[in-house]
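Engineer: The structure follows.
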Amino acid sequence: MPLDTSAYGLALLRVDGRRWNELRRMHVQIRTQAAADGSSYLEMGHTKVMCVVTGPSEPGPRRGGLGGTASGGGASSAQSKDAEVAVSIVVAGFSSVDRKRPGRGDKRILELQSTISSALAASLHTHLFPHSTISISLHVLSQDGSLLAALINAATLACVDAGIPMTDYVVACTAGSTSTYAANDEAADPLLDLNHQEEQELPGLTVATLGQSDRVAVLVCESRVQVSRLEGMLAVGVDGCKQVREILDRVVRDKGHRMLLEGTVERGVGLDDMEVD
Amino acid sequence: MASTQHALLSPAELAYLHASLSLTPPIRPDGRAANQFRPLAAETGILPGTNGSARICFADGTEAIVGVKAEVERTRRGDGGREDGVEYVSSRLEGDFVEGVSSGEGAIAAVDEADRVGESEWVELSVEIPGARDDDAGTVFLAAMLAEALLAGGEFAKKLWINRRFHWKLYLDILLISPPLSYPLPLLSLTTHLALLATRLPRLKSEGDEDPFFDDDWAAAPYLYARKDGKATARPPVSLLVMAVGNNIIFDPSKEELAVADVALAVSVGEETATTTAAEADEAQQQQQPLGRNLRLLSVRTIDPPSRLTPPGVPNATNSAYGAATTQKQPEARAAESEAVEGVWKAPRGGAKALVMAALVQKALMRGGVADEVLDALDAVDLVA
């Protein structure tokens, strides 16, 4: 069903009732699984993903170990000085409206894997773990647009949970434009956080930044868009990333605070000075 | 092909585990009783986009998610019903009722339960284990075992029957979220069980053999497994993992325990849907029969335990490090053939004895036993679909 964008001009409301600069509801959980080194669960609207991180650990056939062919990107040598970030994405058959089974080695999935792998490898301090592998396994339970952004956010959180040192959160968000490429509308507004329907029809991009800064870690644009509109979209996307970072940071702090209260972890040196609110 | 992965344990560790599991009562590494399941947390209805979904976390941290999706599919001619049924459809479409009656007697009457036919192809089951390819032998074996239990008896496929021309095609996607810390069969089976209990299909509005037309009110959608007073009247099967060590029978073994198993079996159990009247129940009370479910054996599969591929230990008497004379050219080869010495690990050889197999199956089917306990526990889970 084609997206009706004509109504946007009347009330400046999108198909799901949001304004141009509003994120969808984000529900985030960290440390969802006891057996894993790190785990997270993230919902962006109806897009639901789960992430489990194993490692850093010795590579090879071991628990949670990923076959060499199944992993995406990263320096694959066990002898390398930096830890390899191996990402595997499993898209559940029931995740989209119509059930479909993506075959092994789907090019789209491979690209997502290598994008996430290289983005995280740049932020994680991989040089601290030579000859080892950080395996990130992502499960897509439900899809409604902004898949790559949700996967990056979930992977970041799981890495935080696993206690892997990193420079800052890698947070991602999507941005789009209110009219199609063909409409060639100069006055088109940029949009934040596209859902599936919007993603199908409108030009859009996924941007990931390094925490609060304006440093862009990932920029993926798979649709045709006029160059004049790109700047606005990018600005909105980067702004969205800052909002996402706030949400993720709140979740991590809340969880840490709760773990301190429950006595799951020892109160370390300097933690008293840390502002935990 | 070993259907389970290896635990990295030395012969000495294996011997220790085997010895402690062979005691009466057995001492398990995690302190459970022999017939005790791992504690679990379960929830259903986690994915509104599916017809039914469930998630189970075992206490050891393994976690699985199952989603069920249903699609309407046209039944191929000749396999959804008897031949005369197909003729009947065409004749009725022409409005020629008299011929319909003459070709298949009583076919004009409302289709009763007995007329429903199911095909095993109407169910597609896939298992996804992280780190394993989906065409990995172990994964395929797991999926086949789960499907076999579900389709045994053909009762399940009959539920997917809509009319003579259409049926539901049910896709079961089973995802293991955590790394496979133990053989995941019980976890996957229990999660599938819950997801199927929570599965609802839209209510059929059309009648007879018309193109199916459904009620769009999800609240009116009936459960795939009919429920009465919040309890399912019938339920999907569960597959339990049972193993024998020495004279002990141990349920729900962990990976380490499985590594010393003499025999490991996957026993699939279903519940007999016998409706007991109040009088019968009273009678049972008076006869002091143990209360419980009428369990029915659906399938049994032997699991190749990794213990068969473990290296044997070397007794001190033949170990050159302990001063034994090394006259033989190949001391290791001799050690492998040595007789059983107490406290020295020796991989189990040969097949399982029929008596042991019978005992394993009987223990799983026992009234008020483990299967009952598990089904009771799953019954207590609130269904949100």
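Each chain in the structure tokens gets a letter, A, B, ..., in the order shown, and its residues are numbered from 1; ligands are numbered from 1 in order too.
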Set out as JSON lines a contact list for chain B and chain A with a cut-off of 8 Å, giving each residue of chain B that qualifies its closest atom pair and distance in Å to one decimal, counting only C-alpha atoms, ordered by chain and rising residue number.
Structural biologist:
{"residue": "B:Leu47", "atom": "CA", "partner": "A:Ser142", "partner_atom": "CA", "distance": 7.5}
{"residue": "B:Gly49", "atom": "CA", "partner": "A:Val97", "partner_atom": "CA", "distance": 7.0}
{"residue": "B:Thr50", "atom": "CA", "partner": "A:Phe94", "partner_atom": "CA", "distance": 6.5}
{"residue": "B:Asp60", "atom": "CA", "partner": "A:Ala35", "partner_atom": "CA", "distance": 6.6}
{"residue": "B:Gly61", "atom": "CA", "partner": "A:Ala35", "partner_atom": "CA", "distance": 4.2}
{"residue": "B:Thr62", "atom": "CA", "partner": "A:Ala35", "partner_atom": "CA", "distance": 6.3}
{"residue": "B:Glu63", "atom": "CA", "partner": "A:Gln33", "partner_atom": "CA", "distance": 7.6}
{"residue": "B:Gly67", "atom": "CA", "partner": "A:Phe94", "partner_atom": "CA", "distance": 6.2}
{"residue": "B:Val68", "atom": "CA", "partner": "A:Phe94", "partner_atom": "CA", "distance": 7.1}
{"residue": "B:Lys69", "atom": "CA", "partner": "A:Phe94", "partner_atom": "CA", "distance": 6.3}
{"residue": "B:Pro130", "atom": "CA", "partner": "A:Gly64", "partner_atom": "CA", "distance": 6.6}
{"residue": "B:Gly131", "atom": "CA", "partner": "A:Leu66", "partner_atom": "CA", "distance": 4.3}
{"residue": "B:Ala132", "atom": "CA", "partner": "A:Gly67", "partner_atom": "CA", "distance": 7.2}
{"residue": "B:Arg133", "atom": "CA", "partner": "A:Ala70", "partner_atom": "CA", "distance": 7.9}
{"residue": "B:Asp173", "atom": "CA", "partner": "A:Gly93", "partner_atom": "CA", "distance": 6.3}
{"residue": "B:Leu175", "atom": "CA", "partner": "A:Ala92", "partner_atom": "CA", "distance": 7.5}
{"residue": "B:Ile177", "atom": "CA", "partner": "A:His139", "partner_atom": "CA", "distance": 7.4}
{"residue": "B:Ser178", "atom": "CA", "partner": "A:Ala36", "partner_atom": "CA", "distance": 6.8}
{"residue": "B:Pro179", "atom": "CA", "partner": "A:Gly64", "partner_atom": "CA", "distance": 4.5}
{"residue": "B:Pro180", "atom": "CA", "partner": "A:Arg63", "partner_atom": "CA", "distance": 6.7}
{"residue": "B:Leu181", "atom": "CA", "partner": "A:Arg63", "partner_atom": "CA", "distance": 6.9}
Engineer: For the residues selected in the previous step, produce a file with N, CA and C atoms as a PDB file, in the first residue's frame.
Structural biologist:
ATOM      1  N   LEU B  47       5.411 -11.298  21.203  1.00  0.00           N
ATOM      2  CA  LEU B  47       5.474 -10.695  19.879  1.00  0.00           C
ATOM      3  C   LEU B  47       4.065 -10.559  19.303  1.00  0.00           C
ATOM      4  N   GLY B  49       3.128  -9.468  16.599  1.00  0.00           N
ATOM      5  CA  GLY B  49       3.082  -9.710  15.166  1.00  0.00           C
ATOM      6  C   GLY B  49       2.922 -11.167  14.777  1.00  0.00           C
ATOM      7  N   THR B  50       2.946 -12.054  15.750  1.00  0.00           N
ATOM      8  CA  THR B  50       2.827 -13.477  15.453  1.00  0.00           C
ATOM      9  C   THR B  50       1.476 -13.996  15.925  1.00  0.00           C
ATOM     10  N   ASP B  60      19.974 -21.808  34.201  1.00  0.00           N
ATOM     11  CA  ASP B  60      21.391 -21.764  33.830  1.00  0.00           C
ATOM     12  C   ASP B  60      21.664 -20.674  32.792  1.00  0.00           C
ATOM     13  N   GLY B  61      20.633 -19.926  32.413  1.00  0.00           N
ATOM     14  CA  GLY B  61      20.838 -18.784  31.545  1.00  0.00           C
ATOM     15  C   GLY B  61      20.517 -19.030  30.087  1.00  0.00           C
ATOM     16  N   THR B  62      20.204 -20.263  29.710  1.00  0.00           N
ATOM     17  CA  THR B  62      19.855 -20.494  28.309  1.00  0.00           C
ATOM     18  C   THR B  62      18.436 -19.987  28.065  1.00  0.00           C
ATOM     19  N   GLU B  63      18.249 -19.477  26.873  1.00  0.00           N
ATOM     20  CA  GLU B  63      17.012 -18.785  26.567  1.00  0.00           C
ATOM     21  C   GLU B  63      16.576 -19.096  25.145  1.00  0.00           C
ATOM     22  N   GLY B  67       8.267 -18.298  17.711  1.00  0.00           N
ATOM     23  CA  GLY B  67       7.171 -17.549  17.108  1.00  0.00           C
ATOM     24  C   GLY B  67       6.418 -18.445  16.141  1.00  0.00           C
ATOM     25  N   VAL B  68       5.111 -18.361  16.175  1.00  0.00           N
ATOM     26  CA  VAL B  68       4.279 -19.169  15.285  1.00  0.00           C
ATOM     27  C   VAL B  68       3.556 -18.220  14.350  1.00  0.00           C
ATOM     28  N   LYS B  69       3.647 -18.493  13.066  1.00  0.00           N
ATOM     29  CA  LYS B  69       2.932 -17.681  12.098  1.00  0.00           C
ATOM     30  C   LYS B  69       2.093 -18.603  11.213  1.00  0.00           C
ATOM     31  N   PRO B 130      22.551 -20.236  17.487  1.00  0.00           N
ATOM     32  CA  PRO B 130      23.623 -19.294  17.167  1.00  0.00           C
ATOM     33  C   PRO B 130      24.959 -20.013  17.010  1.00  0.00           C
ATOM     34  N   GLY B 131      25.671 -19.670  15.985  1.00  0.00           N
ATOM     35  CA  GLY B 131      26.979 -20.265  15.767  1.00  0.00           C
ATOM     36  C   GLY B 131      26.930 -21.549  14.969  1.00  0.00           C
ATOM     37  N   ALA B 132      25.723 -22.077  14.761  1.00  0.00           N
ATOM     38  CA  ALA B 132      25.617 -23.301  13.959  1.00  0.00           C
ATOM     39  C   ALA B 132      24.894 -22.966  12.660  1.00  0.00           C
ATOM     40  N   ARG B 133      25.310 -23.597  11.591  1.00  0.00           N
ATOM     41  CA  ARG B 133      24.625 -23.388  10.319  1.00  0.00           C
ATOM     42  C   ARG B 133      23.252 -24.038  10.402  1.00  0.00           C
ATOM     43  N   ASP B 173       9.034 -20.974  14.055  1.00  0.00           N
ATOM     44  CA  ASP B 173      10.452 -20.595  14.041  1.00  0.00           C
ATOM     45  C   ASP B 173      10.973 -20.632  15.460  1.00  0.00           C
ATOM     46  N   LEU B 175      14.044 -20.100  17.947  1.00  0.00           N
ATOM     47  CA  LEU B 175      15.327 -19.395  18.044  1.00  0.00           C
ATOM     48  C   LEU B 175      15.954 -19.678  19.398  1.00  0.00           C
ATOM     49  N   ILE B 177      18.435 -18.175  21.775  1.00  0.00           N
ATOM     50  CA  ILE B 177      19.044 -16.857  21.872  1.00  0.00           C
ATOM     51  C   ILE B 177      20.442 -16.958  22.482  1.00  0.00           C
ATOM     52  N   SER B 178      20.552 -17.756  23.529  1.00  0.00           N
ATOM     53  CA  SER B 178      21.821 -17.836  24.253  1.00  0.00           C
ATOM     54  C   SER B 178      22.748 -18.828  23.553  1.00  0.00           C
ATOM     55  N   PRO B 179      24.024 -18.779  23.879  1.00  0.00           N
ATOM     56  CA  PRO B 179      24.900 -19.827  23.373  1.00  0.00           C
ATOM     57  C   PRO B 179      24.435 -21.177  23.911  1.00  0.00           C
ATOM     58  N   PRO B 180      24.549 -22.253  23.115  1.00  0.00           N
ATOM     59  CA  PRO B 180      24.049 -23.557  23.563  1.00  0.00           C
ATOM     60  C   PRO B 180      24.911 -24.140  24.684  1.00  0.00           C
ATOM     61  N   LEU B 181      24.546 -23.851  25.933  1.00  0.00           N
ATOM     62  CA  LEU B 181      25.333 -24.319  27.072  1.00  0.00           C
ATOM     63  C   LEU B 181      25.065 -25.785  27.377  1.00  0.00           C
TER      64      LEU B 181
END
Engineer: Give me the residues within 7 Å of region 187-190 of chain A as JSON, numbers by chain, counting only C-alpha atoms and dropping any in the same chain fewer than 6 places off.
Structural biologist: {"A": [20, 175, 176, 177, 178, 179, 232, 233, 236]}
Engineer: Put those residues in a file: N, CA and C atoms, as a JSON list (two decimals), in the first residue's frame.
Structural biologist:
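This is the output file again.json:
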[["chain", "number", "residue", "atom", "x", "y", "z"],
["A", 20, "TRP", "N", 7.70, 15.87, 12.90],
["A", 20, "TRP", "CA", 8.89, 15.54, 12.10],
["A", 20, "TRP", "C", 10.10, 15.19, 12.97],
["A", 175, "ALA", "N", 17.01, 9.11, 9.47],
["A", 175, "ALA", "CA", 16.39, 10.38, 9.12],
["A", 175, "ALA", "C", 15.89, 10.28, 7.69],
["A", 176, "GLY", "N", 14.86, 11.00, 7.37],
["A", 176, "GLY", "CA", 14.30, 10.97, 6.02],
["A", 176, "GLY", "C", 13.81, 12.33, 5.61],
["A", 177, "SER", "N", 13.01, 12.32, 4.56],
["A", 177, "SER", "CA", 12.51, 13.58, 4.03],
["A", 177, "SER", "C", 11.03, 13.40, 3.71],
["A", 178, "THR", "N", 10.25, 14.47, 3.86],
["A", 178, "THR", "CA", 8.80, 14.28, 3.76],
["A", 178, "THR", "C", 8.27, 13.99, 2.37],
["A", 179, "SER", "N", 9.02, 14.31, 1.32],
["A", 179, "SER", "CA", 8.47, 13.99, 0.01],
["A", 179, "SER", "C", 9.44, 13.11, -0.76],
["A", 232, "GLY", "N", 20.03, 18.78, 5.63],
["A", 232, "GLY", "CA", 18.97, 18.85, 6.63],
["A", 232, "GLY", "C", 18.72, 17.49, 7.26],
["A", 233, "MET", "N", 18.69, 16.46, 6.42],
["A", 233, "MET", "CA", 18.44, 15.10, 6.92],
["A", 233, "MET", "C", 19.54, 14.69, 7.89],
["A", 236, "VAL", "N", 19.27, 16.46, 11.27],
["A", 236, "VAL", "CA", 18.20, 15.89, 12.07],
["A", 236, "VAL", "C", 18.60, 14.53, 12.63]]
Engineer: Mind giving me the straight-line distance from CA of Asp82 (chain A) to CA of Pro165 (chain A) in Å, one decimal?
Structural biologist: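 About the pair CA of Asp82 (chain A) and CA of Pro165 (chain A): they are 13.1 Å apart.
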Engineer: Choose the residue, out of B:Ala70, B:Leu365, B:Ala19, B:Ala340, that has the smallest atom-to-atom separation from Asn294 (chain B); count only C-alpha atoms.
Structural biologist: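 Counting only C-alpha atoms, the residue closest to Asn294 (chain B) is B:Leu365.
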Engineer: Determine which residues of region 199-267 of chain A DSSP labels as strand (DSSP E or B) from the backbone of this structure, then write them out as a VMD selection string.
Structural biologist: chain A and resid 204 to 210 216 to 221
Engineer: Quote the spacing between CA of Gly368 (chain B) and CA of Arg293 (chain B) in Å to one decimal place.
Structural biologist: 7.4 Å
Engineer: I need the alpha helix (DSSP H) residues of region 189-253 of chain B per DSSP on the backbone, written as a PyMOL selection string.
Structural biologist: chain B and resi 189-198
Engineer: Using only C-alpha atoms for the distances, tell me which of A:His125, A:Lys242, A:Arg229, A:Arg19 is nearest to Asp214 (chain A).
Structural biologist: A:Lys242
Engineer: Would you list the contacts of His196 (chain A) as number ranges by chain, taking every protein, DNA or RNA residue within 10 Å and counting only C-alpha atoms, but skipping same-chain residues closer than 2 positions in sequence?
Structural biologist: A: 46-47, 143-147, 193-194, 198-201
Engineer: Write the residues of the preceding selection, restricted to C-alpha atoms, as a short mmCIF file (atom, residue, chain, number, x, y, z; two decimals), in the first residue's frame.
Structural biologist:
data_model
loop_
_atom_site.label_atom_id
_atom_site.label_comp_id
_atom_site.auth_asym_id
_atom_site.auth_seq_id
_atom_site.Cartn_x
_atom_site.Cartn_y
_atom_site.Cartn_z
CA HIS A 46 7.74 -2.05 16.60
CA THR A 47 11.30 -2.93 15.65
CA GLN A 143 10.84 -5.42 11.95
CA ASP A 144 9.30 -2.01 11.43
CA GLY A 145 11.94 0.17 9.83
CA SER A 146 15.24 1.57 11.16
CA LEU A 147 16.63 -1.96 11.47
CA ASP A 193 13.23 7.93 12.87
CA LEU A 194 11.47 6.36 9.89
CA GLU A 198 8.08 5.65 5.42
CA GLU A 199 11.27 3.75 4.73
CA GLN A 200 9.66 2.10 1.71
CA GLU A 201 8.50 5.32 0.08
#
Engineer: Excluding Leu150 (chain B) and any residue of its chain fewer than 5 positions from it, enumerate the residues within 8 Å of it, using only C-alpha atoms, and give them as a list of chain:residue names.
Structural biologist: B:Phe156, B:Pro236, B:Pro237
Engineer: Go ahead and save the picked residues with C-alpha atoms, as a short mmCIF file (atom, residue, chain, number, x, y, z; two decimals), in the first residue's frame.
Structural biologist:
data_model
loop_
_atom_site.label_atom_id
_atom_site.label_comp_id
_atom_site.auth_asym_id
_atom_site.auth_seq_id
_atom_site.Cartn_x
_atom_site.Cartn_y
_atom_site.Cartn_z
CA PHE B 156 -2.10 -31.74 15.28
CA PRO B 236 1.01 -30.08 22.53
CA PRO B 237 3.68 -32.68 23.31
#
Engineer: For CA of Val123 (chain B) and CA of Ala157 (chain B), determine how far apart the two atoms are, in Å to one decimal place.
Structural biologist: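 CA of Ala157 (chain B) lies 7.3 Å from CA of Val123 (chain B).
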